[in-house]
file data13.csv (CSV, C-alpha atoms)
chain,number,residue,atom,x,y,z
A,1,MET,CA,-86.3,-29.4,-11.4
A,2,SER,CA,-84.9,-27.7,-14.5
A,3,ASP,CA,-81.4,-28.1,-15.7
A,4,ARG,CA,-82.1,-26.8,-19.2
A,5,GLU,CA,-79.6,-24.5,-20.8
A,6,TYR,CA,-80.4,-21.6,-23.0
A,7,ALA,CA,-78.2,-19.7,-25.4
A,8,GLY,CA,-75.9,-17.4,-23.4
A,9,TRP,CA,-77.2,-18.6,-20.0
A,10,THR,CA,-75.9,-21.2,-17.6
A,11,HIS,CA,-78.2,-22.8,-15.1
A,12,VAL,CA,-76.8,-22.5,-11.6
A,13,TYR,CA,-79.6,-23.4,-9.2
A,14,SER,CA,-83.2,-24.7,-8.9
A,15,GLY,CA,-85.4,-24.3,-5.9
A,16,LYS,CA,-88.8,-25.9,-5.5
A,17,VAL,CA,-90.5,-23.5,-7.9
A,18,ARG,CA,-87.8,-21.2,-9.4
A,19,ASP,CA,-84.7,-21.7,-11.6
A,20,LEU,CA,-81.7,-19.4,-11.7
A,21,TYR,CA,-79.4,-18.6,-14.6
A,22,VAL,CA,-76.3,-16.4,-15.0
A,23,PRO,CA,-74.7,-15.1,-18.2
A,24,SER,CA,-72.4,-17.9,-19.5
A,25,SER,CA,-69.8,-15.3,-20.6
A,26,LEU,CA,-69.1,-14.4,-16.9
A,27,LEU,CA,-68.0,-18.0,-16.2
A,28,ASP,CA,-64.7,-19.6,-17.3
A,29,ASP,CA,-64.9,-21.0,-20.8
A,30,ASP,CA,-63.5,-24.3,-19.5
A,31,ASP,CA,-66.3,-24.5,-16.9
A,32,SER,CA,-63.6,-24.8,-14.2
A,33,TRP,CA,-65.0,-21.9,-12.1
A,34,THR,CA,-65.5,-22.6,-8.5
A,35,GLY,CA,-67.5,-21.0,-5.7
A,36,ASP,CA,-70.9,-19.4,-5.8
A,37,PRO,CA,-71.7,-18.2,-9.4
A,38,LEU,CA,-74.2,-15.7,-7.9
A,39,ARG,CA,-71.2,-14.0,-6.3
A,40,LEU,CA,-69.4,-13.8,-9.6
A,41,SER,CA,-72.3,-12.3,-11.6
A,42,PRO,CA,-73.9,-8.9,-11.0
A,43,VAL,CA,-77.2,-10.2,-12.6
A,44,VAL,CA,-79.3,-13.3,-12.4
A,45,LEU,CA,-82.2,-14.5,-14.6
A,46,VAL,CA,-84.9,-15.7,-12.3
A,47,VAL,CA,-87.3,-18.0,-14.0
A,48,ALA,CA,-90.6,-18.8,-12.3
A,49,SER,CA,-91.7,-22.4,-13.2
A,50,ASP,CA,-95.2,-23.9,-13.2
A,51,ARG,CA,-94.1,-26.3,-10.5
A,52,VAL,CA,-96.3,-26.3,-7.4
A,53,SER,CA,-95.1,-27.3,-3.9
A,54,ALA,CA,-96.9,-28.0,-0.6
A,55,PHE,CA,-95.7,-29.4,2.7
A,56,ASP,CA,-92.1,-29.1,1.4
A,57,GLU,CA,-92.8,-31.4,-1.6
A,58,VAL,CA,-92.8,-30.6,-5.3
A,59,LEU,CA,-96.0,-32.1,-6.7
A,60,GLU,CA,-97.1,-33.5,-10.0
A,61,PRO,CA,-98.4,-32.2,-12.3
A,62,ALA,CA,-97.5,-28.6,-12.6
A,63,ILE,CA,-100.1,-25.8,-12.6
A,64,PRO,CA,-100.4,-24.5,-16.2
A,65,GLY,CA,-99.5,-20.8,-16.5
A,66,LYS,CA,-98.5,-20.4,-12.9
A,67,GLY,CA,-95.0,-19.1,-13.5
A,68,ALA,CA,-96.2,-16.5,-16.0
A,69,MET,CA,-99.0,-15.3,-13.7
A,70,LEU,CA,-96.8,-14.9,-10.7
A,71,THR,CA,-94.2,-13.1,-12.8
A,72,GLU,CA,-96.8,-10.7,-14.2
A,73,LEU,CA,-98.3,-10.0,-10.8
A,74,THR,CA,-94.8,-9.3,-9.2
A,75,ARG,CA,-94.0,-6.9,-12.0
A,76,TRP,CA,-97.3,-5.1,-11.5
A,77,TRP,CA,-96.7,-4.7,-7.8
A,78,PHE,CA,-93.2,-3.3,-8.4
A,79,ASP,CA,-94.9,-0.7,-10.6
A,80,GLN,CA,-97.3,0.2,-7.8
A,81,LEU,CA,-94.3,0.7,-5.4
A,82,PRO,CA,-92.0,2.9,-7.4
A,83,GLU,CA,-90.4,4.5,-4.3
A,84,VAL,CA,-89.3,1.0,-2.9
A,85,PRO,CA,-85.9,-0.1,-4.3
A,86,ASN,CA,-86.3,-3.4,-6.0
A,87,HIS,CA,-84.0,-5.9,-7.7
A,88,LEU,CA,-85.0,-5.4,-11.3
A,89,ALA,CA,-82.0,-4.9,-13.6
A,90,TYR,CA,-82.6,-2.2,-16.2
A,91,ALA,CA,-80.5,-1.7,-19.3
A,92,GLU,CA,-79.9,1.9,-18.4
A,93,ASP,CA,-78.3,0.9,-15.1
A,94,ASP,CA,-74.7,2.2,-15.6
A,95,ARG,CA,-73.4,-0.7,-13.6
A,96,LEU,CA,-74.7,-3.1,-16.3
A,97,GLU,CA,-73.8,-1.1,-19.4
A,98,ALA,CA,-70.3,-2.7,-19.6
A,99,LEU,CA,-71.8,-6.2,-19.7
A,100,ASP,CA,-72.7,-7.9,-23.0
A,101,LEU,CA,-75.8,-9.5,-21.6
A,102,PRO,CA,-77.5,-12.2,-23.6
A,103,GLY,CA,-81.2,-11.6,-24.5
A,104,ILE,CA,-83.9,-13.3,-22.5
A,105,PRO,CA,-84.9,-16.5,-24.3
A,106,ALA,CA,-88.2,-16.0,-26.1
A,107,GLU,CA,-89.7,-19.1,-24.5
A,108,LEU,CA,-89.0,-17.7,-21.1
A,109,ALA,CA,-90.1,-14.1,-21.7
A,110,ASP,CA,-93.4,-14.3,-19.8
A,111,ARG,CA,-91.9,-15.9,-16.7
A,112,ALA,CA,-88.3,-14.7,-16.5
A,113,THR,CA,-87.0,-11.6,-14.7
A,114,LEU,CA,-83.6,-10.1,-15.1
A,115,CYS,CA,-82.4,-9.1,-11.6
A,116,ARG,CA,-79.4,-7.6,-9.9
A,117,THR,CA,-77.8,-10.0,-7.5
A,118,LEU,CA,-78.0,-8.8,-3.9
A,119,ASP,CA,-76.5,-9.9,-0.6
A,120,MET,CA,-79.7,-11.5,0.6
A,121,PHE,CA,-80.7,-11.2,4.3
A,122,PRO,CA,-81.5,-14.7,5.7
A,123,ILE,CA,-84.8,-13.3,7.0
A,124,GLU,CA,-88.3,-14.0,5.8
A,125,CYS,CA,-90.2,-10.8,6.5
A,126,VAL,CA,-93.7,-11.9,7.4
A,127,VAL,CA,-96.4,-9.3,8.0
A,128,ARG,CA,-99.9,-10.3,9.4
A,129,GLY,CA,-102.9,-8.1,9.3
A,130,PHE,CA,-105.3,-10.9,10.3
A,131,ILE,CA,-104.8,-14.0,12.5
A,132,THR,CA,-104.9,-17.3,10.6
A,133,GLY,CA,-102.7,-20.2,9.5
A,134,GLY,CA,-99.6,-20.8,11.6
A,135,GLY,CA,-100.2,-17.6,13.5
A,136,TRP,CA,-103.6,-18.8,14.7
A,137,LYS,CA,-102.0,-22.0,16.0
A,138,GLU,CA,-99.3,-20.1,17.8
A,139,TYR,CA,-101.9,-17.6,19.3
A,140,GLN,CA,-104.0,-20.5,20.6
A,141,ALA,CA,-101.0,-22.0,22.3
A,142,THR,CA,-99.3,-18.8,23.7
A,143,GLY,CA,-101.6,-15.8,23.3
A,144,ALA,CA,-99.0,-14.2,21.1
A,145,ILE,CA,-97.4,-14.4,17.6
A,146,GLY,CA,-93.6,-14.1,17.3
A,147,GLY,CA,-93.4,-13.0,20.8
A,148,ILE,CA,-95.9,-10.2,20.2
A,149,PRO,CA,-98.8,-10.4,22.8
A,150,LEU,CA,-102.3,-10.1,21.3
A,151,PRO,CA,-105.7,-9.4,22.8
A,152,GLU,CA,-107.6,-12.3,24.3
A,153,GLY,CA,-110.6,-13.8,22.6
A,154,LEU,CA,-109.6,-13.5,19.0
A,155,SER,CA,-111.0,-16.0,16.5
A,156,ASN,CA,-109.5,-17.6,13.5
A,157,GLY,CA,-109.6,-15.0,10.7
A,158,ASP,CA,-110.0,-11.9,12.8
A,159,ARG,CA,-108.4,-8.6,11.9
A,160,LEU,CA,-105.5,-7.7,14.3
A,161,PRO,CA,-105.5,-4.4,16.0
A,162,GLU,CA,-102.7,-3.4,13.7
A,163,PRO,CA,-100.4,-5.3,11.3
A,164,ILE,CA,-97.5,-7.1,13.0
A,165,PHE,CA,-94.0,-8.1,11.8
A,166,THR,CA,-93.3,-11.7,12.6
A,167,PRO,CA,-90.0,-12.7,10.9
A,168,ALA,CA,-88.6,-16.1,10.2
A,169,TRP,CA,-85.1,-17.3,9.8
A,170,LYS,CA,-84.4,-18.7,6.3
A,171,ALA,CA,-82.9,-22.1,7.0
A,172,PRO,CA,-80.3,-23.7,4.6
A,173,LEU,CA,-81.6,-25.7,1.7
A,174,GLY,CA,-83.3,-28.9,3.0
A,175,GLU,CA,-84.1,-27.5,6.4
A,176,HIS,CA,-87.3,-25.9,7.7
A,177,ASP,CA,-87.5,-22.1,8.2
A,178,GLU,CA,-87.8,-21.1,11.8
A,179,ASN,CA,-90.1,-18.5,13.3
A,180,ILE,CA,-88.0,-16.0,15.3
A,181,SER,CA,-88.5,-12.9,17.5
A,182,TYR,CA,-87.6,-9.4,16.4
A,183,GLU,CA,-84.8,-9.5,19.0
A,184,ARG,CA,-83.4,-12.6,17.3
A,185,THR,CA,-83.6,-10.8,14.0
A,186,VAL,CA,-81.5,-8.0,15.4
A,187,GLU,CA,-78.9,-10.6,16.5
A,188,ILE,CA,-78.8,-12.0,13.0
A,189,VAL,CA,-78.7,-8.8,10.8
A,190,GLY,CA,-78.0,-6.0,13.2
A,191,GLU,CA,-80.2,-3.4,14.7
A,192,THR,CA,-80.1,-1.0,11.8
A,193,VAL,CA,-81.0,-3.5,9.1
A,194,ALA,CA,-83.6,-5.2,11.4
A,195,ALA,CA,-85.4,-1.9,11.9
A,196,GLN,CA,-85.3,-1.2,8.1
A,197,LEU,CA,-86.7,-4.6,7.3
A,198,ARG,CA,-89.6,-4.2,9.8
A,199,GLU,CA,-90.4,-0.6,8.7
A,200,LEU,CA,-90.3,-1.4,5.0
A,201,SER,CA,-92.3,-4.6,5.4
A,202,LEU,CA,-95.1,-2.9,7.4
A,203,GLU,CA,-95.1,0.1,5.0
A,204,ILE,CA,-95.5,-2.1,1.9
A,205,PHE,CA,-98.1,-4.3,3.5
A,206,THR,CA,-100.2,-1.3,4.5
A,207,ARG,CA,-100.1,0.3,1.1
A,208,ALA,CA,-100.8,-3.0,-0.6
A,209,SER,CA,-103.8,-3.6,1.7
A,210,VAL,CA,-105.4,-0.3,0.8
A,211,LEU,CA,-105.0,-1.0,-2.9
A,212,ALA,CA,-106.3,-4.6,-2.5
A,213,GLU,CA,-109.4,-3.2,-0.7
A,214,THR,CA,-110.2,-1.1,-3.8
A,215,ARG,CA,-110.3,-4.4,-5.7
A,216,GLY,CA,-112.7,-6.0,-3.2
A,217,LEU,CA,-109.9,-8.1,-1.6
A,218,VAL,CA,-108.6,-8.6,1.9
A,219,LEU,CA,-104.8,-9.0,2.2
A,220,ALA,CA,-104.5,-11.2,5.3
A,221,ASP,CA,-100.8,-11.7,5.4
A,222,THR,CA,-97.7,-11.8,3.2
A,223,LYS,CA,-94.0,-12.4,3.2
A,224,PHE,CA,-91.2,-10.3,1.7
A,225,GLU,CA,-87.5,-10.9,1.1
A,226,PHE,CA,-84.8,-8.2,1.0
A,227,GLY,CA,-81.1,-8.0,0.2
A,228,ALA,CA,-78.4,-5.3,0.3
A,229,ASP,CA,-77.4,-3.7,-3.0
A,230,ARG,CA,-73.8,-4.7,-3.4
A,231,ALA,CA,-72.7,-1.3,-4.7
A,232,THR,CA,-74.7,1.0,-2.4
A,233,GLY,CA,-75.7,-1.2,0.6
A,234,ILE,CA,-79.4,0.0,0.1
A,235,VAL,CA,-82.0,-2.5,1.5
A,236,THR,CA,-83.7,-3.7,-1.7
A,237,LEU,CA,-86.9,-5.6,-2.2
A,238,ALA,CA,-86.4,-9.0,-4.0
A,239,ASP,CA,-88.0,-12.2,-5.1
A,240,GLU,CA,-91.7,-12.4,-5.8
A,241,VAL,CA,-93.9,-9.8,-4.2
A,242,LEU,CA,-97.5,-10.0,-3.0
A,243,THR,CA,-98.4,-13.0,-5.2
A,244,SER,CA,-100.7,-15.9,-4.7
A,245,ASP,CA,-97.6,-18.0,-3.5
A,246,SER,CA,-96.3,-15.4,-1.0
A,247,SER,CA,-99.6,-13.9,0.3
A,248,ARG,CA,-103.0,-14.8,1.5
A,249,TYR,CA,-105.9,-12.9,-0.1
A,250,TRP,CA,-109.6,-13.2,0.7
A,251,ASP,CA,-112.7,-11.9,-1.1
A,252,ALA,CA,-113.9,-8.9,1.0
A,253,ALA,CA,-117.6,-9.5,0.4
A,254,THR,CA,-117.4,-13.2,1.3
A,255,TYR,CA,-115.2,-12.4,4.4
A,256,ALA,CA,-117.8,-9.9,5.6
A,257,SER,CA,-120.9,-12.2,5.1
A,258,ALA,CA,-119.8,-15.8,5.4
A,259,ALA,CA,-121.2,-17.8,8.3
A,260,THR,CA,-118.1,-19.9,9.2
A,261,PRO,CA,-114.3,-19.1,9.3
A,262,GLU,CA,-113.6,-21.7,6.6
A,263,LEU,CA,-116.0,-20.0,4.2
A,264,ARG,CA,-114.9,-16.4,5.0
A,265,MET,CA,-111.2,-17.3,4.5
A,266,ALA,CA,-111.4,-19.0,1.1
A,267,SER,CA,-108.2,-17.8,-0.5
A,268,PHE,CA,-106.8,-17.2,-4.0
A,269,ASP,CA,-103.8,-19.5,-3.8
A,270,LYS,CA,-102.8,-23.2,-3.6
A,271,GLN,CA,-104.9,-23.9,-0.5
A,272,ILE,CA,-107.0,-26.1,-2.7
A,273,VAL,CA,-103.9,-28.2,-3.2
A,274,ARG,CA,-103.0,-28.3,0.5
A,275,ASP,CA,-106.6,-29.3,1.5
A,276,TRP,CA,-106.7,-32.1,-1.1
A,277,LEU,CA,-103.3,-33.4,0.0
A,278,ALA,CA,-104.2,-33.3,3.7
A,279,ALA,CA,-107.2,-35.5,2.9
A,280,ASN,CA,-105.5,-37.9,0.5
A,281,TRP,CA,-101.9,-38.3,1.6
A,282,ASP,CA,-100.5,-39.9,4.8
A,283,ARG,CA,-97.4,-37.7,5.4
A,284,SER,CA,-96.4,-39.8,8.4
A,285,ALA,CA,-95.9,-42.8,6.2
A,286,SER,CA,-93.1,-41.1,4.2
A,287,GLU,CA,-94.9,-41.9,1.0
A,288,THR,CA,-94.4,-40.0,-2.2
A,289,PRO,CA,-97.2,-37.5,-2.6
A,290,PRO,CA,-100.0,-38.6,-4.9
A,291,THR,CA,-100.5,-37.1,-8.3
A,292,LEU,CA,-102.9,-34.1,-8.2
A,293,PRO,CA,-106.3,-34.8,-9.9
A,294,HIS,CA,-107.0,-32.7,-13.0
A,295,GLU,CA,-109.9,-30.9,-11.3
A,296,ILE,CA,-107.6,-29.7,-8.5
A,297,VAL,CA,-105.0,-28.5,-11.0
A,298,GLU,CA,-107.7,-26.6,-12.9
A,299,GLN,CA,-109.3,-25.1,-9.8
A,300,THR,CA,-105.9,-23.9,-8.6
A,301,ALA,CA,-105.0,-22.3,-11.9
A,302,ALA,CA,-108.3,-20.5,-12.0
A,303,LYS,CA,-107.7,-19.1,-8.5
A,304,TYR,CA,-104.3,-17.7,-9.6
A,305,ARG,CA,-105.9,-16.2,-12.7
A,306,GLU,CA,-108.8,-14.6,-10.8
A,307,LEU,CA,-106.5,-12.9,-8.4
A,308,LEU,CA,-104.2,-11.6,-11.1
A,309,ASP,CA,-107.2,-10.2,-13.1
A,310,ARG,CA,-108.9,-8.6,-10.1
A,311,LEU,CA,-105.7,-6.9,-8.9
A,312,THR,CA,-104.3,-5.7,-12.3
A,313,THR,CA,-107.5,-4.9,-14.1
A,314,GLY,CA,-110.0,-4.4,-11.3
A,315,ALA,CA,-112.2,-7.1,-12.9

call {"tool": "encode", "arguments": {"input": "data13.csv", "output": "structure tokens"}}
result
Amino acid sequence: MSDREYAGWTHVYSGKVRDLYVPSSLLDDDDSWTGDPLRLSPVVLVVASDRVSAFDEVLEPAIPGKGAMLTELTRWWFDQLPEVPNHLAYAEDDRLEALDLPGIPAELADRATLCRTLDMFPIECVVRGFITGGGWKEYQATGAIGGIPLPEGLSNGDRLPEPIFTPAWKAPLGEHDENISYERTVEIVGETVAAQLRELSLEIFTRASVLAETRGLVLADTKFEFGADRATGIVTLADEVLTSDSSRYWDAATYASAATPELRMASFDKQIVRDWLAANWDRSASETPPTLPHEIVEQTAAKYRELLDRLTTGA
């Protein structure tokens, strides 16, 4: 994890793959500030690292260029969704004009995003247009996903009759997220916000799916995070959006023609890493994950790059 400091910025948090910084000037000069620094600051610098995680473990080595690619793709998707409020902080925002914000360090420019701090909802907004992954396992066991009944006879990788919203509760750091029903979402955030989260998630997914199709891609599923703007209360899209780390994309031509589910669902993400770990690491033994081979790192980086290029340039 990163604890590096940059001129004008103070490191306040590191997750598995991202580091957060706030303007040092907003914290006490004697470093005696207490409480949550993200509550004190109206902005946060979100830095996407090259770290890669799988099965709740941060792995070695990192994926070269990963942070920059995810940042570029998120920015591109924000541009495709101009009517959806997002957390980007712009200099012309009159709420930020009074702040003497430090510049973004040059060495972070391609993987750092200046964002407004939001009151985040503890809900991971998952949308599924196809049945696969954990949703496939749940369907096999119950005939439903997230409490939503589905038709009988579906196979792994099949398109669902329509996209479904299957939220998860974001557990505290160190704990596992928990899949929940829409009714439980209402209990957590209230009926009005729950309805907004579902409507926005399905709307964004549908629009992104149509655009992905024009690039020869299938958007199988994704997850969004939202927060409330602290000044207006508006539900606002945050975090990374429709990237290789938050979404499952398949090649449309391969999906249509491949003979087996495994082949038709070859994805543009870190599934290569997961598959290699599953075959080479005994998770039940509580061992430290093995170092990723060079070829696995290179193949994963290539998948991230291919998706970015296909979406943003149509190549």

call {"tool": "closest_residue", "arguments": {"input": "data13.csv", "among": "A:Val43, A:His87, A:Glu152, A:Ser49", "to": "Asp100 in chain A", "atoms": "all atoms listed in the file"}}
result
A:Val43

call {"tool": "closest_residue", "arguments": {"input": "data13.csv", "among": "A:Gln80, A:Trp9, A:Gly135, A:Tyr249", "to": "Leu114 in chain A", "atoms": "only C-alpha atoms"}}
result
A:Trp9

call {"tool": "residues_around", "arguments": {"input": "data13.csv", "residues": "range 69-79 of chain A", "least_positions_apart": "2", "cutoff": "9 Å", "atoms": "only C-alpha atoms", "output": "short mmCIF file (atom, residue, chain, number, x, y, z; two decimals) with C-alpha atoms, in the frame of the given file"}}
result
data_model
loop_
_atom_site.label_atom_id
_atom_site.label_comp_id
_atom_site.auth_asym_id
_atom_site.auth_seq_id
_atom_site.Cartn_x
_atom_site.Cartn_y
_atom_site.Cartn_z
CA VAL A 47 -87.30 -18.00 -14.00
CA ALA A 48 -90.60 -18.80 -12.30
CA GLY A 65 -99.50 -20.80 -16.50
CA LYS A 66 -98.50 -20.40 -12.90
CA GLY A 67 -95.00 -19.10 -13.50
CA LEU A 81 -94.30 0.70 -5.40
CA PRO A 82 -92.00 2.90 -7.40
CA VAL A 84 -89.30 1.00 -2.90
CA PRO A 85 -85.90 -0.10 -4.30
CA ASN A 86 -86.30 -3.40 -6.00
CA LEU A 88 -85.00 -5.40 -11.30
CA ASP A 110 -93.40 -14.30 -19.80
CA ARG A 111 -91.90 -15.90 -16.70
CA ALA A 112 -88.30 -14.70 -16.50
CA THR A 113 -87.00 -11.60 -14.70
CA ALA A 208 -100.80 -3.00 -0.60
CA ASP A 239 -88.00 -12.20 -5.10
CA GLU A 240 -91.70 -12.40 -5.80
CA VAL A 241 -93.90 -9.80 -4.20
CA LEU A 242 -97.50 -10.00 -3.00
CA THR A 243 -98.40 -13.00 -5.20
CA SER A 244 -100.70 -15.90 -4.70
CA ASP A 245 -97.60 -18.00 -3.50
CA TYR A 304 -104.30 -17.70 -9.60
CA ARG A 305 -105.90 -16.20 -12.70
CA LEU A 308 -104.20 -11.60 -11.10
CA LEU A 311 -105.70 -6.90 -8.90
CA THR A 312 -104.30 -5.70 -12.30
#

call {"tool": "closest_residue", "arguments": {"input": "data13.csv", "among": "A:Leu219, A:Leu20, A:Val46, A:Val58", "to": "Val127 in chain A", "atoms": "all atoms listed in the file"}}
result
A:Leu219

call {"tool": "residues_around", "arguments": {"input": "data13.csv", "residues": "Tyr21 in chain A", "least_positions_apart": "4", "cutoff": "7 Å", "atoms": "all atoms listed in the file", "output": "VMD selection string"}}
result
chain A and resid 9 to 12 44 to 46

call {"tool": "write_last_selection", "arguments": {"input": "data13.csv", "atoms": "C-alpha atoms", "output": "PDB file, in the coordinates of the input"}}
result
ATOM      1  CA  TRP A   9     -77.200 -18.600 -20.000  1.00  0.00           C
ATOM      2  CA  THR A  10     -75.900 -21.200 -17.600  1.00  0.00           C
ATOM      3  CA  HIS A  11     -78.200 -22.800 -15.100  1.00  0.00           C
ATOM      4  CA  VAL A  12     -76.800 -22.500 -11.600  1.00  0.00           C
ATOM      5  CA  VAL A  44     -79.300 -13.300 -12.400  1.00  0.00           C
ATOM      6  CA  LEU A  45     -82.200 -14.500 -14.600  1.00  0.00           C
ATOM      7  CA  VAL A  46     -84.900 -15.700 -12.300  1.00  0.00           C
TER       8      VAL A  46
END

call {"tool": "atom_distance", "arguments": {"input": "data13.csv", "atom1": "CA of Asp275 in chain A", "atom2": "CA of Ser181 in chain A"}}
result
29.2 Å

call {"tool": "closest_residue", "arguments": {"input": "data13.csv", "among": "A:Asp56, A:Asp229, A:Glu5, A:Asp221", "to": "Ser267 in chain A", "atoms": "all atoms listed in the file"}}
result
A:Asp221

call {"tool": "atom_distance", "arguments": {"input": "data13.csv", "atom1": "CA of Met120 in chain A", "atom2": "CA of Ala54 in chain A"}}
result
23.9 Å

call {"tool": "closest_residue", "arguments": {"input": "data13.csv", "among": "A:Asp119, A:Glu199, A:Glu183, A:Glu60", "to": "Gly147 in chain A", "atoms": "all atoms listed in the file"}}
result
A:Glu183

call {"tool": "closest_residue", "arguments": {"input": "data13.csv", "among": "A:Ser155, A:Met265, A:Arg184, A:Ala68", "to": "Glu107 in chain A", "atoms": "all atoms listed in the file"}}
result
A:Ala68

call {"tool": "residues_around", "arguments": {"input": "data13.csv", "residues": "Ala266 in chain A", "least_positions_apart": "6", "cutoff": "10 Å", "atoms": "only C-alpha atoms", "output": "PyMOL selection string"}}
result
chain A and resi 248-251+254-255+258+272

call {"tool": "atom_distance", "arguments": {"input": "data13.csv", "atom1": "CA of Phe55 in chain A", "atom2": "CA of Ser246 in chain A"}}
result
14.5 Å

call {"tool": "residues_near_point", "arguments": {"input": "data13.csv", "point": "(-102.4, -11.7, 10.3)", "cutoff": "9 Å", "atoms": "only C-alpha atoms", "output": "list in words"}}
result
Val127, Arg128, Gly129, Phe130, Ile131, Thr132, Gly133, Gly135, Trp136, Gly157, Asp158, Arg159, Leu160, Glu162, Pro163, Ile164, Leu219, Ala220, Asp221 and Thr222 of chain A

call {"tool": "residues_around", "arguments": {"input": "data13.csv", "residues": "Pro105 in chain A", "least_positions_apart": "2", "cutoff": "8 Å", "atoms": "only C-alpha atoms", "output": "PyMOL selection string"}}
result
chain A and resi 6-7+103+107-109
